[in-house]
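K.L.:
Sending over structure-v8.cif (mmCIF, C-alpha atoms and all ligand atoms).
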data_model
loop_
_atom_site.label_atom_id
_atom_site.label_comp_id
_atom_site.auth_asym_id
_atom_site.auth_seq_id
_atom_site.Cartn_x
_atom_site.Cartn_y
_atom_site.Cartn_z
CA MET A 8 85.67 180.83 80.06
CA THR A 9 87.53 182.83 82.64
CA ASP A 10 86.85 182.45 86.32
CA GLU A 11 85.18 185.88 86.36
CA ASN A 12 82.70 184.89 83.68
CA SER A 13 81.86 181.54 85.18
CA ALA A 14 79.67 183.10 87.85
CA GLU A 15 76.53 181.71 86.15
CA ARG A 16 74.24 181.20 89.13
CA GLY A 17 70.65 180.36 89.82
CA PRO A 18 68.31 182.96 91.26
CA GLU A 19 69.54 184.54 94.50
CA PRO A 20 67.13 185.54 97.25
CA GLY A 21 66.58 189.23 97.95
CA PRO A 22 64.94 192.22 96.31
CA ALA A 23 65.54 193.27 92.70
CA LEU A 24 67.76 196.17 93.79
CA ARG A 25 69.01 197.27 97.17
CA ALA A 26 71.37 200.21 97.65
CA GLU A 27 72.94 201.10 101.00
CA LYS A 28 75.03 204.27 101.26
CA LEU A 29 75.80 203.87 97.56
CA HIS A 30 78.16 206.64 96.49
CA TYR A 31 80.23 207.47 93.42
CA ARG A 32 82.77 210.06 92.39
CA TYR A 33 83.75 210.56 88.73
CA SER A 34 87.47 210.38 87.99
CA GLU A 35 88.00 214.13 87.86
CA GLY A 36 86.36 214.50 91.26
CA THR A 37 82.68 215.33 90.52
CA ALA A 38 80.33 213.64 92.96
CA GLY A 39 77.97 211.49 90.87
CA LEU A 40 76.15 210.07 93.92
CA GLY A 41 76.46 211.28 97.51
CA SER A 42 74.75 208.49 99.41
CA VAL A 43 71.76 206.53 98.15
CA ASP A 44 69.62 204.17 100.21
CA LEU A 45 66.86 202.54 98.22
CA GLN A 46 65.18 199.17 97.94
CA ILE A 47 63.20 198.03 94.90
CA GLY A 48 61.28 194.77 95.18
CA ARG A 49 61.03 192.16 92.43
CA GLY A 50 58.28 192.99 89.98
CA GLU A 51 57.90 196.56 91.27
CA ARG A 52 57.62 199.55 88.92
CA TRP A 53 59.62 202.64 89.92
CA GLY A 54 60.26 206.11 88.57
CA ILE A 55 63.47 207.94 89.50
CA ILE A 56 63.05 211.70 89.28
CA GLY A 57 65.13 214.73 90.22
CA PRO A 58 66.61 217.87 88.72
CA ASN A 59 69.41 217.78 86.11
CA GLY A 60 72.64 216.55 87.62
CA SER A 61 70.93 214.96 90.64
CA GLY A 62 72.48 211.56 89.90
CA LYS A 63 69.69 209.69 88.07
CA SER A 64 71.88 208.41 85.23
CA THR A 65 74.75 207.60 87.59
CA LEU A 66 72.39 205.53 89.76
CA LEU A 67 70.99 203.70 86.74
CA HIS A 68 74.51 202.87 85.49
CA HIS A 69 75.09 201.21 88.86
CA PHE A 70 71.82 199.24 88.64
CA ALA A 71 72.90 198.01 85.20
CA GLY A 72 76.30 196.77 86.34
CA VAL A 73 78.29 199.42 84.47
CA TYR A 74 80.11 200.61 87.62
CA ALA A 75 81.16 198.55 90.63
CA ALA A 76 79.45 199.73 93.81
CA LYS A 77 81.10 201.84 96.47
CA GLY A 78 79.04 201.50 99.59
CA HIS A 79 76.69 198.60 98.83
CA LEU A 80 74.43 197.57 96.00
CA TRP A 81 72.79 194.19 95.54
CA VAL A 82 71.19 193.36 92.21
CA LEU A 83 68.84 190.37 92.37
CA GLY A 84 70.60 189.41 95.57
CA LEU A 85 74.08 189.56 94.07
CA GLU A 86 76.46 192.22 95.40
CA ALA A 87 77.63 194.58 92.65
CA THR A 88 81.34 193.92 93.10
CA LYS A 89 83.65 194.07 90.07
CA ARG A 90 83.64 190.29 89.86
CA ASN A 91 79.84 190.09 89.69
CA LEU A 92 79.29 192.85 87.11
CA PRO A 93 79.23 190.51 84.06
CA THR A 94 76.46 188.43 85.68
CA ILE A 95 74.52 191.55 86.62
CA ARG A 96 74.81 192.93 83.08
CA ARG A 97 73.21 189.75 81.73
CA GLN A 98 70.19 190.15 84.01
CA VAL A 99 69.55 193.87 83.73
CA GLY A 100 68.44 195.41 80.45
CA PHE A 101 69.72 198.99 80.30
CA LEU A 102 68.54 201.62 77.86
CA PHE A 103 71.15 204.38 77.65
CA GLN A 104 69.97 207.98 77.63
CA ASP A 105 71.29 208.33 74.05
CA PRO A 106 70.16 205.47 71.74
CA ASP A 107 73.28 206.07 69.62
CA ASP A 108 75.24 204.52 72.51
CA GLN A 109 73.18 201.34 72.06
CA LEU A 110 73.15 200.88 68.30
CA PHE A 111 76.44 200.29 66.53
CA LEU A 112 75.86 197.71 63.78
CA PRO A 113 74.77 198.42 60.19
CA THR A 114 71.11 197.35 60.57
CA VAL A 115 68.49 197.21 63.29
CA GLY A 116 68.17 193.42 62.93
CA ALA A 117 71.95 192.95 63.37
CA ASP A 118 71.94 195.14 66.46
CA VAL A 119 69.04 193.28 68.08
CA ALA A 120 70.64 189.89 67.26
CA PHE A 121 74.04 190.91 68.65
CA GLY A 122 73.26 190.35 72.35
CA PRO A 123 71.53 186.94 72.08
CA ARG A 124 74.22 185.69 69.65
CA ASN A 125 76.96 186.93 71.96
CA ALA A 126 75.27 185.11 74.84
CA GLY A 127 75.85 181.88 72.89
CA LEU A 128 72.24 181.15 71.90
CA GLY A 129 71.61 178.97 68.83
CA GLU A 130 70.51 180.64 65.58
CA ALA A 131 66.87 179.48 65.87
CA GLU A 132 66.62 181.01 69.35
CA VAL A 133 68.41 184.18 68.18
CA GLU A 134 65.87 184.52 65.36
CA ALA A 135 62.96 184.00 67.77
CA ARG A 136 64.37 186.61 70.18
CA VAL A 137 64.94 189.18 67.41
CA ALA A 138 61.49 188.72 65.85
CA GLY A 139 59.83 188.76 69.29
CA ALA A 140 61.64 191.87 70.55
CA LEU A 141 60.99 193.85 67.34
CA ALA A 142 57.31 192.86 67.41
CA ARG A 143 56.86 193.87 71.07
CA LEU A 144 58.23 197.32 70.30
CA GLU A 145 56.12 197.48 67.09
CA VAL A 146 59.24 198.06 64.97
CA SER A 147 59.40 194.80 62.94
CA HIS A 148 59.28 196.85 59.73
CA LEU A 149 62.62 198.46 60.64
CA ARG A 150 64.55 195.21 60.77
CA ASP A 151 66.63 195.73 57.60
CA ARG A 152 66.95 199.50 57.93
CA PRO A 153 70.34 201.14 58.61
CA THR A 154 70.29 202.34 62.22
CA HIS A 155 71.95 205.69 61.43
CA ARG A 156 69.05 206.66 59.15
CA LEU A 157 66.29 206.15 61.74
CA SER A 158 64.25 208.93 63.32
CA GLY A 159 64.60 209.56 67.06
CA GLY A 160 61.50 207.52 67.91
CA GLU A 161 62.50 204.66 65.60
CA LYS A 162 65.98 204.58 67.15
CA GLN A 163 64.51 204.46 70.62
CA GLY A 164 62.24 201.52 69.66
CA ALA A 165 65.20 199.67 68.11
CA ALA A 166 67.39 200.41 71.14
CA ILE A 167 64.80 199.00 73.57
CA ALA A 168 64.43 195.93 71.30
CA THR A 169 68.19 195.24 71.65
CA VAL A 170 67.71 195.22 75.43
CA LEU A 171 64.55 193.12 75.33
CA ALA A 172 66.14 190.44 73.14
CA LEU A 173 68.30 189.51 76.14
CA ASP A 174 65.16 188.67 78.16
CA PRO A 175 66.26 190.71 81.18
CA GLU A 176 64.84 190.30 84.70
CA ILE A 177 65.00 194.05 85.32
CA LEU A 178 64.40 196.76 82.75
CA VAL A 179 66.21 200.04 83.45
CA LEU A 180 65.42 202.95 81.13
CA ASP A 181 67.22 206.30 81.16
CA GLU A 182 65.05 209.13 79.78
CA PRO A 183 63.17 206.86 77.35
CA THR A 184 60.88 209.57 75.94
CA ASN A 185 63.60 211.96 74.74
CA ASP A 186 62.99 212.67 71.05
CA LEU A 187 59.72 210.72 70.80
CA ASP A 188 56.81 211.93 68.69
CA ALA A 189 53.26 211.15 69.84
CA GLY A 190 53.04 207.82 67.98
CA ALA A 191 56.40 206.55 69.26
CA ARG A 192 55.43 207.62 72.76
CA ARG A 193 52.17 205.66 72.60
CA ARG A 194 54.08 202.59 71.37
CA LEU A 195 56.46 202.93 74.32
CA GLU A 196 53.56 203.29 76.75
CA ARG A 197 51.84 200.20 75.31
CA PHE A 198 55.06 198.23 75.67
CA LEU A 199 55.62 199.38 79.25
CA GLY A 200 52.02 198.52 80.11
CA GLY A 201 52.69 194.93 79.06
CA TRP A 202 56.05 194.63 80.89
CA SER A 203 55.45 192.51 83.98
CA LYS A 204 58.94 192.25 85.52
CA THR A 205 60.87 194.88 87.52
CA LEU A 206 60.89 198.29 85.86
CA VAL A 207 62.97 201.37 86.70
CA ILE A 208 62.59 204.56 84.64
CA ALA A 209 64.64 207.71 85.22
CA THR A 210 62.98 210.64 83.52
CA HIS A 211 62.06 214.30 83.66
CA ASP A 212 58.83 213.29 81.84
CA LEU A 213 56.55 213.00 84.85
CA GLU A 214 53.50 212.54 82.64
CA LEU A 215 54.95 209.21 81.46
CA LEU A 216 55.35 208.05 85.07
CA LEU A 217 51.74 208.89 85.89
CA GLY A 218 50.61 205.92 83.81
CA THR A 219 53.52 203.49 84.12
CA VAL A 220 54.95 203.24 87.66
CA ASP A 221 53.66 202.67 91.20
CA ARG A 222 56.57 204.04 93.24
CA ILE A 223 58.80 207.09 92.89
CA ALA A 224 62.20 207.99 94.33
CA VAL A 225 63.28 211.64 94.24
CA LEU A 226 67.01 212.25 93.88
CA ASP A 227 68.52 215.60 94.76
CA GLY A 228 72.20 216.38 95.17
CA GLY A 229 73.15 212.73 94.64
CA SER A 230 70.94 211.31 97.40
CA CYS A 231 67.48 209.80 97.53
CA VAL A 232 65.57 212.46 99.46
CA VAL A 233 61.99 211.18 99.22
CA GLU A 234 60.31 207.98 98.13
CA GLY A 235 56.67 207.10 97.98
CA ASN A 236 53.54 206.17 96.15
CA SER A 237 53.66 207.61 92.62
CA SER A 238 50.07 208.80 92.38
CA GLU A 239 50.43 210.84 95.59
CA LEU A 240 53.93 212.09 94.95
CA LEU A 241 53.28 213.18 91.35
CA ARG A 242 50.40 215.31 92.61
CA ASP A 243 52.41 216.94 95.41
CA PHE A 244 52.99 220.32 93.80
CA GLU A 245 55.02 221.75 96.70
CA LEU A 246 57.32 218.76 97.04
CA LEU A 247 57.99 218.66 93.30
CA GLU A 248 58.70 222.39 93.19
CA LYS A 249 61.04 222.13 96.16
CA HIS A 250 63.17 219.69 94.17
CA GLY A 251 63.18 221.68 90.93
CA LEU A 252 60.46 219.63 89.26
CA GLU A 253 57.10 220.40 87.68
CA GLU A 254 53.87 218.48 87.96
CA PRO A 255 52.77 216.32 85.02
CA PRO A 256 50.80 218.62 82.64
CA THR A 257 47.48 216.84 83.24
CA VAL A 258 47.87 217.25 87.01
CA ARG A 259 48.68 220.96 86.59
CA ILE A 260 45.65 221.53 84.35
CA LEU A 261 43.36 219.87 86.88
CA ARG A 262 44.90 221.74 89.80
CA GLU A 263 44.51 225.04 87.96
CA ALA A 264 40.88 224.10 87.29
CA GLY A 265 40.37 223.83 91.02
CA VAL A 266 40.69 220.06 91.45
CA THR A 267 43.21 220.21 94.26
CA ASP A 268 42.47 217.06 96.20
CA PRO A 269 44.90 214.42 94.86
CA ARG A 270 42.37 211.67 95.55
CA ARG A 271 40.01 213.29 93.05
CA ILE A 272 42.54 213.44 90.22
CA PRO A 273 42.09 210.30 88.11
CA ASP A 274 44.82 207.73 87.73
CA PRO A 275 45.07 207.04 83.97
CA ARG A 276 45.24 203.32 84.68
CA GLU A 277 41.91 203.23 86.49
CA PRO A 278 38.70 202.39 84.57
CA ALA A 279 37.08 205.35 82.79
CA ASP A 280 33.99 205.41 85.04
CA GLY A 281 36.28 206.49 87.92
CA ALA A 282 37.15 209.58 85.86
CA ALA A 283 33.50 210.51 85.44
CA GLN A 284 33.48 211.82 89.02
CA LEU A 285 35.58 214.71 87.78
CA ASP A 286 32.47 216.22 86.21
CA THR A 287 31.66 217.60 89.64
CA PRO A 288 34.24 220.32 90.34
CA ALA A 289 35.48 220.90 93.87
CA PRO A 290 33.25 223.44 95.65
CA PRO A 291 34.81 226.90 96.11
CA PRO A 292 36.13 227.61 99.61
CA MET A 293 33.47 228.99 101.96
CA ALA A 294 33.74 232.69 102.84
CA ASP A 295 33.94 233.46 106.57
N1 LIG B 301 80.86 211.00 82.71
C1 LIG B 301 80.87 211.94 83.66
N2 LIG B 301 82.03 212.52 84.04
C2 LIG B 301 82.07 213.43 85.01
N3 LIG B 301 80.99 213.88 85.69
C3 LIG B 301 79.81 213.35 85.36
C4 LIG B 301 79.66 212.36 84.33
N4 LIG B 301 78.37 212.01 84.22
C5 LIG B 301 77.71 212.76 85.13
N5 LIG B 301 78.56 213.56 85.80
C6 LIG B 301 78.22 214.48 86.90
O1 LIG B 301 77.64 213.72 87.96
C7 LIG B 301 76.52 214.40 88.51
C8 LIG B 301 75.28 213.54 88.33
O2 LIG B 301 75.01 213.43 86.94
P1 LIG B 301 73.91 212.48 86.30
O3 LIG B 301 73.95 211.18 86.99
O4 LIG B 301 74.14 212.49 84.83
O5 LIG B 301 72.58 213.26 86.69
P2 LIG B 301 71.12 213.26 86.02
O6 LIG B 301 71.02 212.04 85.19
O7 LIG B 301 70.20 213.30 87.18
O8 LIG B 301 71.03 214.51 85.20
C9 LIG B 301 76.44 215.74 87.80
O9 LIG B 301 77.14 216.70 88.58
C10 LIG B 301 77.17 215.49 86.49
O10 LIG B 301 77.74 216.67 86.00
MG MG B 302 70.57 211.68 83.18
#
In structure tokens, what does this structure look like?
P.N.:
Amino acid sequence: MTDENSAERGPEPGPALRAEKLHYRYSEGTAGLGSVDLQIGRGERWGIIGPNGSGKSTLLHHFAGVYAAKGHLWVLGLEATKRNLPTIRRQVGFLFQDPDDQLFLPTVGADVAFGPRNAGLGEAEVEARVAGALARLEVSHLRDRPTHRLSGGEKQGAAIATVLALDPEILVLDEPTNDLDAGARRRLERFLGGWSKTLVIATHDLELLLGTVDRIAVLDGGSCVVEGNSSELLRDFELLEKHGLEEPPTVRILREAGVTDPRRIPDPREPADGAAQLDTPAPPPMAD
């Protein structure tokens, strides 16, 4: 093992992710990130939203240890310097925006086994990881299928299984609902509902975030411009519009029906009897 790879450490103190003035410029000069300040605690569930080109994917690549940090980034307490990137990559599971970037072996089973085997696990443990990851994504039946023949939703399930098989501390997903039909989307939502460690999802699918995260960061122009509670922020029509975003469809439908008070719009994770209050529409405004 080289010196660089020998940085196998125990848990470091500190939040899951902490960025300070994190910035990035692509080689031909495009600014990927201007300056991001953001802290994500261990076990927290975050959505990263923002218009196209606002830097969501660039930020997620940093979280996943793909790029060394300019400015500062700490991942699970470890600074994201070039030397520490291999350690960070082992602890952060990263779903690329395009599942074809994740799947490169002839079958789904081979792809899911690749990471654990590469990490030096014994064959019995590799088998347990593969079977467990495929089952959690409800794609066990795809194990012997060629990856290039899968549908978009099947590919996405297989791609997340490859990440899960590494038992990451932080799960970072870039646009996970692209190309998903309704069934695949429900499977993804069920899986995310059962994920108890740190979760970061970048997406333009605000409806997904309504049921899966507690905190939201809004990126615009390569910087984090707003952060806050997801159920309030996803109902803030004016703020979302200001940053080139649209409300989740269910929020828009309720707003158009006259339910404008965000506290009266149900959170999909709350028990159904909370939603029953919606039967009483908001009273019309009083005339002078
Ligand atoms: N590989 C790349 N090479 C050069 N520029 C890039 C690359 N990836 C992204 N960019 C640019 O960086 C900025 C941020 O992009 P990105 O992080 O992909 O935003 P988002 O995911 O929010 O759409 C955009 O201006 C984009 O054109
Ligand atoms: Mg992107």
K.L.:
Atom CA of Lys249 of chain A and atom CA of Pro58 of chain A are how many Å apart?
P.N.:
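For atom CA of Lys249 of chain A relative to atom CA of Pro58 of chain A, the distance reads 10.2 Å.
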K.L.:
At most 12 Å is the cut-off: for each residue in segment 73-129 of chain A with any atom that close to an atom of segment 25-33 of chain A, write down the nearest atom pair and the distance in Å rounded to one decimal, counting all atoms listed in the file, chain first then increasing number, as a tab-separated table.
P.N.:
residue	atom	partner	partner_atom	distance
A:Tyr74	CA	A:Tyr31	CA	9.0
A:Ala75	CA	A:Tyr31	CA	9.4
A:Ala76	CA	A:Leu29	CA	6.7
A:Lys77	CA	A:His30	CA	5.6
A:Gly78	CA	A:Leu29	CA	4.5
A:His79	CA	A:Glu27	CA	5.0
A:Leu80	CA	A:Ala26	CA	4.4
A:Trp81	CA	A:Arg25	CA	5.1
A:Val82	CA	A:Arg25	CA	6.7
A:Leu83	CA	A:Arg25	CA	8.4
A:Gly84	CA	A:Arg25	CA	8.2
A:Leu85	CA	A:Arg25	CA	9.7
A:Glu86	CA	A:Arg25	CA	9.2
A:Ala87	CA	A:Ala26	CA	9.8
K.L.:
Contacts between ligand LIG 301 (chain B) and chain A, please, where a residue of chain A counts if it comes within 7 Å (with all atoms listed in the file); show its shortest atom pair and distance in Å to one decimal, rows by chain and ascending number, as CSV.
P.N.:
residue,atom,partner,partner_atom,distance
A:Tyr33,CA,B:LIG301,C2,5.0
A:Ser34,CA,B:LIG301,C2,6.9
A:Glu35,CA,B:LIG301,C2,6.6
A:Thr37,CA,B:LIG301,N3,5.3
A:Ala38,CA,B:LIG301,O1,5.7
A:Gly39,CA,B:LIG301,O1,3.7
A:Leu40,CA,B:LIG301,C8,6.6
A:Gly57,CA,B:LIG301,O7,6.1
A:Pro58,CA,B:LIG301,O7,6.0
A:Asn59,CA,B:LIG301,O8,3.8
A:Gly60,CA,B:LIG301,O5,3.4
A:Ser61,CA,B:LIG301,O7,3.9
A:Gly62,CA,B:LIG301,O3,3.3
A:Lys63,CA,B:LIG301,O7,3.8
A:Ser64,CA,B:LIG301,O6,3.7
A:Thr65,CA,B:LIG301,O3,3.7
A:Leu66,CA,B:LIG301,O3,6.5
A:Gly229,CA,B:LIG301,C8,6.7
K.L.:
List as a list in words the protein and nucleic acid residues near Trp53 of chain A, meaning an atom at most 6 Å away when all atoms listed in the file are counted, but skip any in the same chain fewer than 5 places from it.
P.N.:
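Selected residues are Val207, Val220, Arg222 and Ile223 of chain A.
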K.L.:
Select, from A:Lys162, A:Arg136, A:His211, A:Arg152, the residue with the minimum atom-to-atom distance to ligand MG 302 (chain B), counting only C-alpha atoms and all ligand atoms.
P.N.:
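Of the candidates, the smallest distance to ligand MG 302 (chain B) is held by A:His211.
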K.L.:
Name the residues, using the chain letters and numbers of the file, that sit within 9 Å of (65.8, 194.3, 57.5) when counting all atoms listed in the file, and give them as a list in words.
P.N.:
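It turns out the residues near that spot are Thr114, Val115, Gly116, Ala117, Ser147, His148, Leu149, Arg150, Asp151, Arg152 and Pro153 of chain A.
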K.L.:
Find the residue from A:Thr219, A:Asn185, A:Thr169, A:Thr210 that sits nearest to ligand MG 302 (chain B); use all atoms listed in the file when measuring.
P.N.:
A:Thr210
K.L.:
Using only C-alpha atoms, which residues sit within 8 Å of Leu241 of chain A once same-chain residues fewer than 5 positions away are excluded, as a ChimeraX atom specification?
P.N.:
/A:213,217,247,254-255
